$ cat data-v2.pdb   # PDB, C-alpha atoms, pLDDT in the B column
ATOM      1  CA  MET V   1      -1.157 -22.420   9.077  1.00 93.00           C
ATOM      2  CA  ILE V   2      -0.740 -18.651   8.869  1.00 97.00           C
ATOM      3  CA  LYS V   3       1.952 -17.310  11.197  1.00 97.00           C
ATOM      4  CA  TYR V   4       2.600 -13.935   9.519  1.00 98.00           C
ATOM      5  CA  VAL V   5       0.298 -11.313   8.030  1.00 98.00           C
ATOM      6  CA  PHE V   6       1.955  -8.770   5.742  1.00 98.00           C
ATOM      7  CA  PHE V   7      -0.065  -5.563   5.483  1.00 98.00           C
ATOM      8  CA  ASP V   8       0.369  -3.030   2.723  1.00 97.00           C
ATOM      9  CA  PHE V   9       0.205   0.506   4.156  1.00 97.00           C
ATOM     10  CA  ASN V  10      -1.251   3.048   1.709  1.00 96.00           C
ATOM     11  CA  GLY V  11      -4.823   2.103   0.880  1.00 98.00           C
ATOM     12  CA  THR V  12      -4.851  -0.875   3.253  1.00 98.00           C
ATOM     13  CA  ILE V  13      -3.936   0.496   6.677  1.00 98.00           C
ATOM     14  CA  LEU V  14      -4.217   4.215   5.907  1.00 98.00           C
ATOM     15  CA  ASN V  15      -7.060   5.619   3.836  1.00 98.00           C
ATOM     16  CA  ASP V  16      -5.073   8.199   1.883  1.00 98.00           C
ATOM     17  CA  VAL V  17      -6.883   7.730  -1.428  1.00 98.00           C
ATOM     18  CA  ASP V  18      -8.571  11.164  -1.452  1.00 98.00           C
ATOM     19  CA  LEU V  19      -5.311  12.860  -0.474  1.00 98.00           C
ATOM     20  CA  CYS V  20      -3.370  11.176  -3.266  1.00 97.00           C
ATOM     21  CA  LEU V  21      -6.053  12.033  -5.820  1.00 98.00           C
ATOM     22  CA  ASN V  22      -6.050  15.651  -4.675  1.00 98.00           C
ATOM     23  CA  LEU V  23      -2.273  15.912  -5.037  1.00 97.00           C
ATOM     24  CA  LEU V  24      -2.364  14.277  -8.462  1.00 97.00           C
ATOM     25  CA  ASN V  25      -4.968  16.802  -9.593  1.00 98.00           C
ATOM     26  CA  GLN V  26      -2.784  19.636  -8.324  1.00 97.00           C
ATOM     27  CA  ILE V  27       0.043  18.359 -10.524  1.00 96.00           C
ATOM     28  CA  LEU V  28      -2.296  18.040 -13.502  1.00 97.00           C
ATOM     29  CA  ALA V  29      -3.609  21.568 -12.967  1.00 97.00           C
ATOM     30  CA  LYS V  30      -0.053  22.894 -12.772  1.00 94.00           C
ATOM     31  CA  GLN V  31       0.601  21.352 -16.190  1.00 95.00           C
ATOM     32  CA  GLY V  32      -2.644  22.708 -17.641  1.00 95.00           C
ATOM     33  CA  HIS V  33      -4.602  19.450 -17.621  1.00 95.00           C
ATOM     34  CA  LYS V  34      -8.116  18.765 -16.364  1.00 95.00           C
ATOM     35  CA  SER V  35      -8.675  17.023 -13.061  1.00 96.00           C
ATOM     36  CA  ILE V  36      -9.497  13.332 -13.078  1.00 97.00           C
ATOM     37  CA  SER V  37     -12.294  11.631 -11.140  1.00 98.00           C
ATOM     38  CA  LEU V  38     -11.914   9.162  -8.306  1.00 98.00           C
ATOM     39  CA  GLU V  39     -13.247   6.446 -10.608  1.00 97.00           C
ATOM     40  CA  LYS V  40     -10.587   7.115 -13.241  1.00 97.00           C
ATOM     41  CA  TYR V  41      -7.900   7.364 -10.565  1.00 98.00           C
ATOM     42  CA  LYS V  42      -8.744   3.904  -9.246  1.00 98.00           C
ATOM     43  CA  ASN V  43      -8.682   2.492 -12.765  1.00 97.00           C
ATOM     44  CA  ILE V  44      -5.278   3.915 -13.738  1.00 97.00           C
ATOM     45  CA  PHE V  45      -3.386   3.729 -10.451  1.00 96.00           C
ATOM     46  CA  THR V  46      -0.502   1.271 -10.729  1.00 93.00           C
ATOM     47  CA  PHE V  47       3.126   0.582  -9.881  1.00 86.00           C
ATOM     48  CA  PRO V  48       5.662   1.790 -10.571  1.00 86.00           C
ATOM     49  CA  ILE V  49       4.244   5.206  -9.703  1.00 89.00           C
ATOM     50  CA  LYS V  50       5.949   6.729 -12.728  1.00 90.00           C
ATOM     51  CA  ARG V  51       3.741   4.614 -14.995  1.00 93.00           C
ATOM     52  CA  TYR V  52       0.582   5.752 -13.201  1.00 93.00           C
ATOM     53  CA  TYR V  53       1.651   9.391 -13.655  1.00 95.00           C
ATOM     54  CA  GLU V  54       2.054   8.732 -17.380  1.00 95.00           C
ATOM     55  CA  LEU V  55      -1.430   7.208 -17.562  1.00 96.00           C
ATOM     56  CA  ALA V  56      -2.813  10.287 -15.805  1.00 96.00           C
ATOM     57  CA  GLY V  57      -1.347  12.476 -18.540  1.00 95.00           C
ATOM     58  CA  ILE V  58       1.603  14.014 -16.733  1.00 95.00           C
ATOM     59  CA  ASP V  59       4.283  15.375 -19.052  1.00 94.00           C
ATOM     60  CA  PHE V  60       7.777  14.662 -17.721  1.00 94.00           C
ATOM     61  CA  SER V  61       9.277  17.152 -20.167  1.00 93.00           C
ATOM     62  CA  LYS V  62       7.611  19.867 -18.065  1.00 93.00           C
ATOM     63  CA  ASP V  63       8.422  18.403 -14.659  1.00 94.00           C
ATOM     64  CA  SER V  64      10.798  15.508 -14.060  1.00 95.00           C
ATOM     65  CA  PHE V  65       9.549  12.464 -12.202  1.00 92.00           C
ATOM     66  CA  GLU V  66      12.211  13.060  -9.566  1.00 92.00           C
ATOM     67  CA  ASP V  67      11.068  16.653  -8.979  1.00 94.00           C
ATOM     68  CA  LEU V  68       7.417  15.589  -8.847  1.00 94.00           C
ATOM     69  CA  SER V  69       8.241  12.826  -6.364  1.00 90.00           C
ATOM     70  CA  LYS V  70       9.948  15.313  -4.051  1.00 92.00           C
ATOM     71  CA  TRP V  71       7.044  17.768  -4.394  1.00 95.00           C
ATOM     72  CA  PHE V  72       4.540  15.015  -3.676  1.00 93.00           C
ATOM     73  CA  ILE V  73       6.291  13.788  -0.528  1.00 91.00           C
ATOM     74  CA  ASN V  74       6.696  17.346   0.773  1.00 94.00           C
ATOM     75  CA  LYS V  75       2.942  17.874   0.414  1.00 96.00           C
ATOM     76  CA  TYR V  76       1.843  14.351   1.289  1.00 96.00           C
ATOM     77  CA  GLN V  77       3.759  13.448   4.420  1.00 96.00           C
ATOM     78  CA  LYS V  78       2.331  15.970   6.898  1.00 96.00           C
ATOM     79  CA  ALA V  79      -1.138  15.879   5.324  1.00 98.00           C
ATOM     80  CA  SER V  80      -1.218  12.085   5.670  1.00 97.00           C
ATOM     81  CA  PHE V  81      -1.192  12.409   9.455  1.00 97.00           C
ATOM     82  CA  ASN V  82      -4.812  13.548   9.203  1.00 97.00           C
ATOM     83  CA  CYS V  83      -5.947  10.615   7.060  1.00 98.00           C
ATOM     84  CA  PRO V  84      -8.074   7.975   8.810  1.00 98.00           C
ATOM     85  CA  LEU V  85      -7.180   4.388   9.478  1.00 98.00           C
ATOM     86  CA  TYR V  86      -9.517   1.916   7.822  1.00 98.00           C
ATOM     87  CA  PRO V  87     -12.353   0.543   9.973  1.00 98.00           C
ATOM     88  CA  TYR V  88     -11.627  -2.663  11.921  1.00 98.00           C
ATOM     89  CA  LEU V  89      -7.834  -2.340  11.558  1.00 98.00           C
ATOM     90  CA  LEU V  90      -7.139  -2.157  15.275  1.00 98.00           C
ATOM     91  CA  GLU V  91      -9.581  -4.951  16.034  1.00 98.00           C
ATOM     92  CA  VAL V  92      -7.893  -7.197  13.464  1.00 98.00           C
ATOM     93  CA  LEU V  93      -4.414  -6.402  14.797  1.00 98.00           C
ATOM     94  CA  THR V  94      -5.549  -7.236  18.332  1.00 98.00           C
ATOM     95  CA  LYS V  95      -7.041 -10.558  17.233  1.00 98.00           C
ATOM     96  CA  LEU V  96      -3.889 -11.490  15.320  1.00 98.00           C
ATOM     97  CA  LYS V  97      -1.719 -10.641  18.316  1.00 98.00           C
ATOM     98  CA  GLU V  98      -3.912 -12.794  20.566  1.00 97.00           C
ATOM     99  CA  LYS V  99      -3.414 -15.700  18.171  1.00 97.00           C
ATOM    100  CA  GLY V 100       0.360 -15.236  18.182  1.00 97.00           C
ATOM    101  CA  ILE V 101       0.457 -14.141  14.538  1.00 98.00           C
ATOM    102  CA  GLN V 102       3.209 -11.724  13.522  1.00 98.00           C
ATOM    103  CA  ARG V 103       2.004  -8.418  12.038  1.00 98.00           C
ATOM    104  CA  ILE V 104       4.281  -6.867   9.417  1.00 98.00           C
ATOM    105  CA  VAL V 105       3.959  -3.683   7.363  1.00 97.00           C
ATOM    106  CA  LEU V 106       5.288  -4.087   3.814  1.00 96.00           C
ATOM    107  CA  SER V 107       5.201  -0.844   1.857  1.00 93.00           C
ATOM    108  CA  ALA V 108       6.699   0.793  -1.235  1.00 84.00           C
ATOM    109  CA  SER V 109       7.015   3.956   0.865  1.00 87.00           C
ATOM    110  CA  GLN V 110      10.369   5.318   2.005  1.00 87.00           C
ATOM    111  CA  LEU V 111      11.086   3.637   5.350  1.00 92.00           C
ATOM    112  CA  THR V 112      11.787   6.759   7.429  1.00 93.00           C
ATOM    113  CA  ASN V 113       8.586   8.428   6.241  1.00 93.00           C
ATOM    114  CA  LEU V 114       6.634   5.214   6.840  1.00 95.00           C
ATOM    115  CA  CYS V 115       7.893   4.896  10.422  1.00 96.00           C
ATOM    116  CA  GLU V 116       7.023   8.528  11.078  1.00 97.00           C
ATOM    117  CA  GLN V 117       3.467   7.972   9.842  1.00 97.00           C
ATOM    118  CA  LEU V 118       3.023   4.896  12.008  1.00 98.00           C
ATOM    119  CA  GLU V 119       4.365   6.800  15.032  1.00 97.00           C
ATOM    120  CA  VAL V 120       2.052   9.778  14.529  1.00 97.00           C
ATOM    121  CA  LEU V 121      -0.911   7.479  13.944  1.00 96.00           C
ATOM    122  CA  ASN V 122       0.033   5.704  17.186  1.00 97.00           C
ATOM    123  CA  ILE V 123       0.077   2.228  15.671  1.00 98.00           C
ATOM    124  CA  LYS V 124       3.786   1.531  15.208  1.00 97.00           C
ATOM    125  CA  ASP V 125       3.887  -0.728  18.269  1.00 97.00           C
ATOM    126  CA  GLU V 126       1.057  -2.834  16.843  1.00 98.00           C
ATOM    127  CA  PHE V 127       3.482  -4.334  14.316  1.00 98.00           C
ATOM    128  CA  ASN V 128       6.398  -6.684  14.796  1.00 98.00           C
ATOM    129  CA  ASN V 129       8.296  -5.419  11.764  1.00 97.00           C
ATOM    130  CA  ILE V 130       8.114  -2.476   9.363  1.00 96.00           C
ATOM    131  CA  LEU V 131       9.494  -2.929   5.851  1.00 95.00           C
ATOM    132  CA  GLY V 132       9.900  -0.057   3.393  1.00 91.00           C
ATOM    133  CA  LEU V 133      12.199   1.261   0.671  1.00 80.00           C
ATOM    134  CA  ASP V 134      15.359   3.343   0.883  1.00 76.00           C
ATOM    135  CA  ASN V 135      14.011   5.954  -1.574  1.00 53.00           C
ATOM    136  CA  ILE V 136      10.871   7.992  -2.354  1.00 43.00           C
ATOM    137  CA  TYR V 137      10.206   6.685  -5.864  1.00 40.00           C
ATOM    138  CA  ALA V 138       7.847   3.798  -4.948  1.00 43.00           C
ATOM    139  CA  ALA V 139       9.004   1.339  -7.587  1.00 47.00           C
ATOM    140  CA  SER V 140       8.641  -2.117  -6.005  1.00 62.00           C
ATOM    141  CA  LYS V 141       8.761  -3.737  -2.577  1.00 83.00           C
ATOM    142  CA  LEU V 142       9.475  -7.236  -3.858  1.00 89.00           C
ATOM    143  CA  GLU V 143      13.150  -7.418  -2.933  1.00 87.00           C
ATOM    144  CA  VAL V 144      12.512  -5.989   0.545  1.00 90.00           C
ATOM    145  CA  ALA V 145       9.991  -8.757   1.183  1.00 93.00           C
ATOM    146  CA  ARG V 146      12.225 -11.443  -0.329  1.00 92.00           C
ATOM    147  CA  LYS V 147      15.179 -10.492   1.852  1.00 91.00           C
ATOM    148  CA  PHE V 148      13.022 -10.428   4.979  1.00 94.00           C
ATOM    149  CA  ILE V 149      11.629 -13.931   4.520  1.00 95.00           C
ATOM    150  CA  GLU V 150      15.063 -15.318   3.652  1.00 94.00           C
ATOM    151  CA  ASP V 151      16.731 -13.648   6.640  1.00 95.00           C
ATOM    152  CA  ASN V 152      14.019 -14.928   8.979  1.00 96.00           C
ATOM    153  CA  ASN V 153      13.607 -18.415   7.473  1.00 96.00           C
ATOM    154  CA  ILE V 154       9.908 -17.822   6.840  1.00 97.00           C
ATOM    155  CA  LEU V 155       8.001 -20.417   4.843  1.00 97.00           C
ATOM    156  CA  PRO V 156       5.815 -18.783   2.157  1.00 97.00           C
ATOM    157  CA  ALA V 157       2.877 -21.011   3.116  1.00 97.00           C
ATOM    158  CA  GLU V 158       2.900 -19.360   6.553  1.00 97.00           C
ATOM    159  CA  VAL V 159       2.316 -15.873   5.107  1.00 98.00           C
ATOM    160  CA  LEU V 160      -0.923 -14.070   4.279  1.00 98.00           C
ATOM    161  CA  ALA V 161      -0.397 -10.846   2.327  1.00 98.00           C
ATOM    162  CA  VAL V 162      -3.104  -8.172   2.381  1.00 98.00           C
ATOM    163  CA  GLY V 163      -3.033  -5.264  -0.055  1.00 98.00           C
ATOM    164  CA  ASP V 164      -5.142  -3.056  -2.280  1.00 98.00           C
ATOM    165  CA  THR V 165      -3.319  -3.248  -5.624  1.00 96.00           C
ATOM    166  CA  LEU V 166      -2.240  -5.741  -8.270  1.00 96.00           C
ATOM    167  CA  HIS V 167       1.341  -4.985  -7.236  1.00 92.00           C
ATOM    168  CA  ASP V 168       0.557  -6.445  -3.813  1.00 95.00           C
ATOM    169  CA  TYR V 169      -0.747  -9.563  -5.533  1.00 96.00           C
ATOM    170  CA  GLU V 170       2.290  -9.735  -7.839  1.00 95.00           C
ATOM    171  CA  VAL V 171       4.701  -9.548  -4.895  1.00 94.00           C
ATOM    172  CA  ALA V 172       2.738 -12.204  -3.013  1.00 96.00           C
ATOM    173  CA  SER V 173       2.504 -14.440  -6.074  1.00 97.00           C
ATOM    174  CA  THR V 174       6.214 -14.177  -6.854  1.00 96.00           C
ATOM    175  CA  LEU V 175       7.094 -15.145  -3.286  1.00 97.00           C
ATOM    176  CA  HIS V 176       4.367 -17.834  -3.165  1.00 97.00           C
ATOM    177  CA  PHE V 177       2.465 -16.174  -0.315  1.00 98.00           C
ATOM    178  CA  ASN V 178      -1.231 -16.623   0.323  1.00 98.00           C
ATOM    179  CA  SER V 179      -2.939 -13.349  -0.570  1.00 98.00           C
ATOM    180  CA  ILE V 180      -6.177 -11.410  -0.465  1.00 98.00           C
ATOM    181  CA  LEU V 181      -7.002  -7.992  -1.905  1.00 98.00           C
ATOM    182  CA  PHE V 182      -8.829  -5.095  -0.261  1.00 98.00           C
ATOM    183  CA  SER V 183     -11.399  -3.252  -2.386  1.00 98.00           C
ATOM    184  CA  GLU V 184     -11.443   0.121  -0.588  1.00 98.00           C
ATOM    185  CA  GLY V 185      -7.957   1.291  -1.542  1.00 98.00           C
ATOM    186  CA  HIS V 186      -6.229   2.736  -4.599  1.00 98.00           C
ATOM    187  CA  GLN V 187      -7.456   0.331  -7.292  1.00 98.00           C
ATOM    188  CA  SER V 188     -10.981  -0.485  -8.381  1.00 98.00           C
ATOM    189  CA  ILE V 189     -12.595  -3.870  -7.919  1.00 97.00           C
ATOM    190  CA  GLU V 190     -12.579  -4.244 -11.715  1.00 97.00           C
ATOM    191  CA  VAL V 191      -8.787  -3.922 -11.723  1.00 98.00           C
ATOM    192  CA  LEU V 192      -8.334  -6.190  -8.707  1.00 98.00           C
ATOM    193  CA  LYS V 193     -10.409  -8.950 -10.298  1.00 98.00           C
ATOM    194  CA  LYS V 194      -7.608  -9.457 -12.818  1.00 97.00           C
ATOM    195  CA  ALA V 195      -5.603 -11.176 -10.077  1.00 97.00           C
ATOM    196  CA  ASN V 196      -8.269 -13.840  -9.558  1.00 97.00           C
ATOM    197  CA  ARG V 197      -7.726 -13.672  -5.800  1.00 97.00           C
ATOM    198  CA  PRO V 198     -10.245 -13.290  -2.954  1.00 98.00           C
ATOM    199  CA  ILE V 199     -11.364  -9.676  -2.556  1.00 98.00           C
ATOM    200  CA  ILE V 200     -12.475  -8.341   0.822  1.00 98.00           C
ATOM    201  CA  ASN V 201     -14.541  -5.199   1.407  1.00 98.00           C
ATOM    202  CA  ASP V 202     -13.750  -4.815   5.122  1.00 98.00           C
ATOM    203  CA  LEU V 203     -10.517  -5.585   6.958  1.00 98.00           C
ATOM    204  CA  ILE V 204     -12.380  -7.683   9.535  1.00 98.00           C
ATOM    205  CA  GLU V 205     -12.707 -10.314   6.791  1.00 98.00           C
ATOM    206  CA  ILE V 206      -8.970 -10.992   7.124  1.00 98.00           C
ATOM    207  CA  LEU V 207      -9.740 -13.143  10.148  1.00 98.00           C
ATOM    208  CA  LYS V 208     -11.539 -15.671   7.936  1.00 96.00           C
ATOM    209  CA  TYR V 209      -8.293 -16.434   6.121  1.00 96.00           C
ATOM    210  CA  ILE V 210      -5.923 -17.134   9.004  1.00 91.00           C
ATOM    211  CA  ASP V 211      -7.255 -20.416  10.390  1.00 75.00           C
TER     212      ASP V 211
END
$ encode --input "data-v2.pdb" --output "structure tokens"
Amino acid sequence: MIKYVFFDFNGTILNDVDLCLNLLNQILAKQGHKSISLEKYKNIFTFPIKRYYELAGIDFSKDSFEDLSKWFINKYQKASFNCPLYPYLLEVLTKLKEKGIQRIVLSASQLTNLCEQLEVLNIKDEFNNILGLDNIYAASKLEVARKFIEDNNILPAEVLAVGDTLHDYEVASTLHFNSILFSEGHQSIEVLKKANRPIINDLIEILKYID
């Protein structure tokens, strides 16, 4: 029986795909490269973020990954406050709460920035716990999740993880969580199919997997 639902944030709760693509194309333009399409973006996006930048053609001899990460966050954070939540999110959170299921955000975002976003979007109180990283480099959220389930004596079989990338699947698989993938985020359906997990097109479909 599912007692906990772990939600990824970027591309699962918050639709920031267009914003992230726009910022990537600004970096590419700065380095003299052509912009990439949304289709290509969704096919190359991956974790760690540094690898995705390499696939996009970014030259770290011109701008270090650390400098680009700081530039990105400075541009991204405030702009993200204007990004929409995905349809049905609030309805799903309400249904889960009514069923006594814990709602947890698990993100590769820096925790302070993540909490600020949730506050501005007025949804922070909809979640029981918020898990993020202690840095802005978005490498992996695996250890954050592992520590949380160990500290709280959570059985993996009681967890459903929802995310929009193969990294979400990899974290869930490593920790033996149940998992589903959301097709409207940062990776294409073609990429997500590699995980051989159920793929949902709307968040309302989460409710089918909790009983």
$ residues_near_point --input "data-v2.pdb" --point "(5.0, 11.8, -6.3)" --cutoff "9 Å" --atoms "all atoms listed in the file" --output "list in words"
Cys20, Leu23, Leu24, Ile49, Lys50, Tyr53, Phe65, Glu66, Asp67, Leu68, Ser69, Lys70, Trp71, Phe72, Ile73, Tyr76, Ile136, Tyr137 and Ala138 of chain V
$ resolve_selection --input "data-v2.pdb" --expression "the PyMOL selection byres ((chain V and resi 109-121) around 9)" --output "PDB file with C-alpha atoms, in the frame of the given file"
ATOM      1  CA  PHE V   9       0.205   0.506   4.156  1.00 97.00           C
ATOM      2  CA  ASN V  10      -1.251   3.048   1.709  1.00 96.00           C
ATOM      3  CA  ILE V  73       6.291  13.788  -0.528  1.00 91.00           C
ATOM      4  CA  GLN V  77       3.759  13.448   4.420  1.00 96.00           C
ATOM      5  CA  LYS V  78       2.331  15.970   6.898  1.00 96.00           C
ATOM      6  CA  SER V  80      -1.218  12.085   5.670  1.00 97.00           C
ATOM      7  CA  PHE V  81      -1.192  12.409   9.455  1.00 97.00           C
ATOM      8  CA  ASN V  82      -4.812  13.548   9.203  1.00 97.00           C
ATOM      9  CA  PRO V  84      -8.074   7.975   8.810  1.00 98.00           C
ATOM     10  CA  LEU V  85      -7.180   4.388   9.478  1.00 98.00           C
ATOM     11  CA  LEU V 106       5.288  -4.087   3.814  1.00 96.00           C
ATOM     12  CA  SER V 107       5.201  -0.844   1.857  1.00 93.00           C
ATOM     13  CA  ALA V 108       6.699   0.793  -1.235  1.00 84.00           C
ATOM     14  CA  ASN V 122       0.033   5.704  17.186  1.00 97.00           C
ATOM     15  CA  ILE V 123       0.077   2.228  15.671  1.00 98.00           C
ATOM     16  CA  LYS V 124       3.786   1.531  15.208  1.00 97.00           C
ATOM     17  CA  ASP V 125       3.887  -0.728  18.269  1.00 97.00           C
ATOM     18  CA  ILE V 130       8.114  -2.476   9.363  1.00 96.00           C
ATOM     19  CA  LEU V 131       9.494  -2.929   5.851  1.00 95.00           C
ATOM     20  CA  GLY V 132       9.900  -0.057   3.393  1.00 91.00           C
ATOM     21  CA  LEU V 133      12.199   1.261   0.671  1.00 80.00           C
ATOM     22  CA  ASP V 134      15.359   3.343   0.883  1.00 76.00           C
ATOM     23  CA  ASN V 135      14.011   5.954  -1.574  1.00 53.00           C
ATOM     24  CA  ILE V 136      10.871   7.992  -2.354  1.00 43.00           C
ATOM     25  CA  TYR V 137      10.206   6.685  -5.864  1.00 40.00           C
ATOM     26  CA  ALA V 138       7.847   3.798  -4.948  1.00 43.00           C
ATOM     27  CA  LYS V 141       8.761  -3.737  -2.577  1.00 83.00           C
TER      28      LYS V 141
END
$ closest_residue --input "data-v2.pdb" --among "V:Gly100, V:Leu55, V:Ser179, V:Gln31" --to "His167 (chain V)" --atoms "all atoms listed in the file"
V:Ser179
$ resolve_selection --input "data-v2.pdb" --expression "the PyMOL selection byres ((chain V and resi 192) around 8)" --output "JSON, numbers by chain"
{"V": [164, 165, 166, 181, 183, 187, 188, 189, 190, 191, 193, 194, 195, 196, 199]}
$ resolve_selection --input "data-v2.pdb" --expression "the PyMOL selection byres ((chain V and resi 59) around 12)" --output "PDB file with C-alpha atoms, in the frame of the given file"
ATOM      1  CA  ILE V  27       0.043  18.359 -10.524  1.00 96.00           C
ATOM      2  CA  LEU V  28      -2.296  18.040 -13.502  1.00 97.00           C
ATOM      3  CA  ALA V  29      -3.609  21.568 -12.967  1.00 97.00           C
ATOM      4  CA  LYS V  30      -0.053  22.894 -12.772  1.00 94.00           C
ATOM      5  CA  GLN V  31       0.601  21.352 -16.190  1.00 95.00           C
ATOM      6  CA  GLY V  32      -2.644  22.708 -17.641  1.00 95.00           C
ATOM      7  CA  HIS V  33      -4.602  19.450 -17.621  1.00 95.00           C
ATOM      8  CA  LYS V  50       5.949   6.729 -12.728  1.00 90.00           C
ATOM      9  CA  ARG V  51       3.741   4.614 -14.995  1.00 93.00           C
ATOM     10  CA  TYR V  52       0.582   5.752 -13.201  1.00 93.00           C
ATOM     11  CA  TYR V  53       1.651   9.391 -13.655  1.00 95.00           C
ATOM     12  CA  GLU V  54       2.054   8.732 -17.380  1.00 95.00           C
ATOM     13  CA  LEU V  55      -1.430   7.208 -17.562  1.00 96.00           C
ATOM     14  CA  ALA V  56      -2.813  10.287 -15.805  1.00 96.00           C
ATOM     15  CA  GLY V  57      -1.347  12.476 -18.540  1.00 95.00           C
ATOM     16  CA  ILE V  58       1.603  14.014 -16.733  1.00 95.00           C
ATOM     17  CA  PHE V  60       7.777  14.662 -17.721  1.00 94.00           C
ATOM     18  CA  SER V  61       9.277  17.152 -20.167  1.00 93.00           C
ATOM     19  CA  LYS V  62       7.611  19.867 -18.065  1.00 93.00           C
ATOM     20  CA  ASP V  63       8.422  18.403 -14.659  1.00 94.00           C
ATOM     21  CA  SER V  64      10.798  15.508 -14.060  1.00 95.00           C
ATOM     22  CA  PHE V  65       9.549  12.464 -12.202  1.00 92.00           C
ATOM     23  CA  LEU V  68       7.417  15.589  -8.847  1.00 94.00           C
TER      24      LEU V  68
END
$ closest_residue --input "data-v2.pdb" --among "V:Phe6, V:Pro198, V:Tyr209, V:Asn15" --to "Pro87 (chain V)" --atoms "only C-alpha atoms"
V:Asn15
$ closest_residue --input "data-v2.pdb" --among "V:Ile101, V:Ile200, V:Ile13, V:Val162" --to "Met1 (chain V)" --atoms "only C-alpha atoms"
V:Ile101
$ atom_distance --input "data-v2.pdb" --atom1 "CA of Tyr4 (chain V)" --atom2 "CA of Glu143 (chain V)"
17.6 Å
$ closest_residue --input "data-v2.pdb" --among "V:Ile104, V:Leu38, V:Ala79, V:Ala172" --to "Ala157 (chain V)" --atoms "all atoms listed in the file"
V:Ala172
$ build_atoms --input "data-v2.pdb" --residues "region 143-155 of chain V" --atoms "N, CA and C atoms" --output "mmCIF file, in the frame of the given file"
data_model
loop_
_atom_site.group_PDB
_atom_site.id
_atom_site.type_symbol
_atom_site.label_atom_id
_atom_site.label_comp_id
_atom_site.auth_asym_id
_atom_site.auth_seq_id
_atom_site.Cartn_x
_atom_site.Cartn_y
_atom_site.Cartn_z
ATOM 1 N N GLU V 143 11.858 -6.986 -3.473
ATOM 2 C CA GLU V 143 13.150 -7.418 -2.933
ATOM 3 C C GLU V 143 13.229 -7.227 -1.428
ATOM 4 N N VAL V 144 12.562 -6.197 -0.909
ATOM 5 C CA VAL V 144 12.512 -5.989 0.545
ATOM 6 C C VAL V 144 11.833 -7.184 1.215
ATOM 7 N N ALA V 145 10.721 -7.613 0.637
ATOM 8 C CA ALA V 145 9.991 -8.757 1.183
ATOM 9 C C ALA V 145 10.804 -10.037 1.049
ATOM 10 N N ARG V 146 11.436 -10.224 -0.102
ATOM 11 C CA ARG V 146 12.225 -11.443 -0.329
ATOM 12 C C ARG V 146 13.358 -11.559 0.695
ATOM 13 N N LYS V 147 14.063 -10.475 0.904
ATOM 14 C CA LYS V 147 15.179 -10.492 1.852
ATOM 15 C C LYS V 147 14.683 -10.797 3.267
ATOM 16 N N PHE V 148 13.543 -10.230 3.632
ATOM 17 C CA PHE V 148 13.022 -10.428 4.979
ATOM 18 C C PHE V 148 12.679 -11.895 5.230
ATOM 19 N N ILE V 149 12.015 -12.530 4.282
ATOM 20 C CA ILE V 149 11.629 -13.931 4.520
ATOM 21 C C ILE V 149 12.849 -14.851 4.500
ATOM 22 N N GLU V 150 13.847 -14.504 3.674
ATOM 23 C CA GLU V 150 15.063 -15.318 3.652
ATOM 24 C C GLU V 150 15.851 -15.153 4.947
ATOM 25 N N ASP V 151 15.976 -13.910 5.417
ATOM 26 C CA ASP V 151 16.731 -13.648 6.640
ATOM 27 C C ASP V 151 16.074 -14.272 7.866
ATOM 28 N N ASN V 152 14.758 -14.425 7.819
ATOM 29 C CA ASN V 152 14.019 -14.928 8.979
ATOM 30 C C ASN V 152 13.511 -16.364 8.802
ATOM 31 N N ASN V 153 13.967 -17.010 7.726
ATOM 32 C CA ASN V 153 13.607 -18.415 7.473
ATOM 33 C C ASN V 153 12.096 -18.635 7.521
ATOM 34 N N ILE V 154 11.368 -17.752 6.865
ATOM 35 C CA ILE V 154 9.908 -17.822 6.840
ATOM 36 C C ILE V 154 9.454 -18.673 5.657
ATOM 37 N N LEU V 155 8.567 -19.603 5.920
ATOM 38 C CA LEU V 155 8.001 -20.417 4.843
ATOM 39 C C LEU V 155 6.872 -19.638 4.172
#
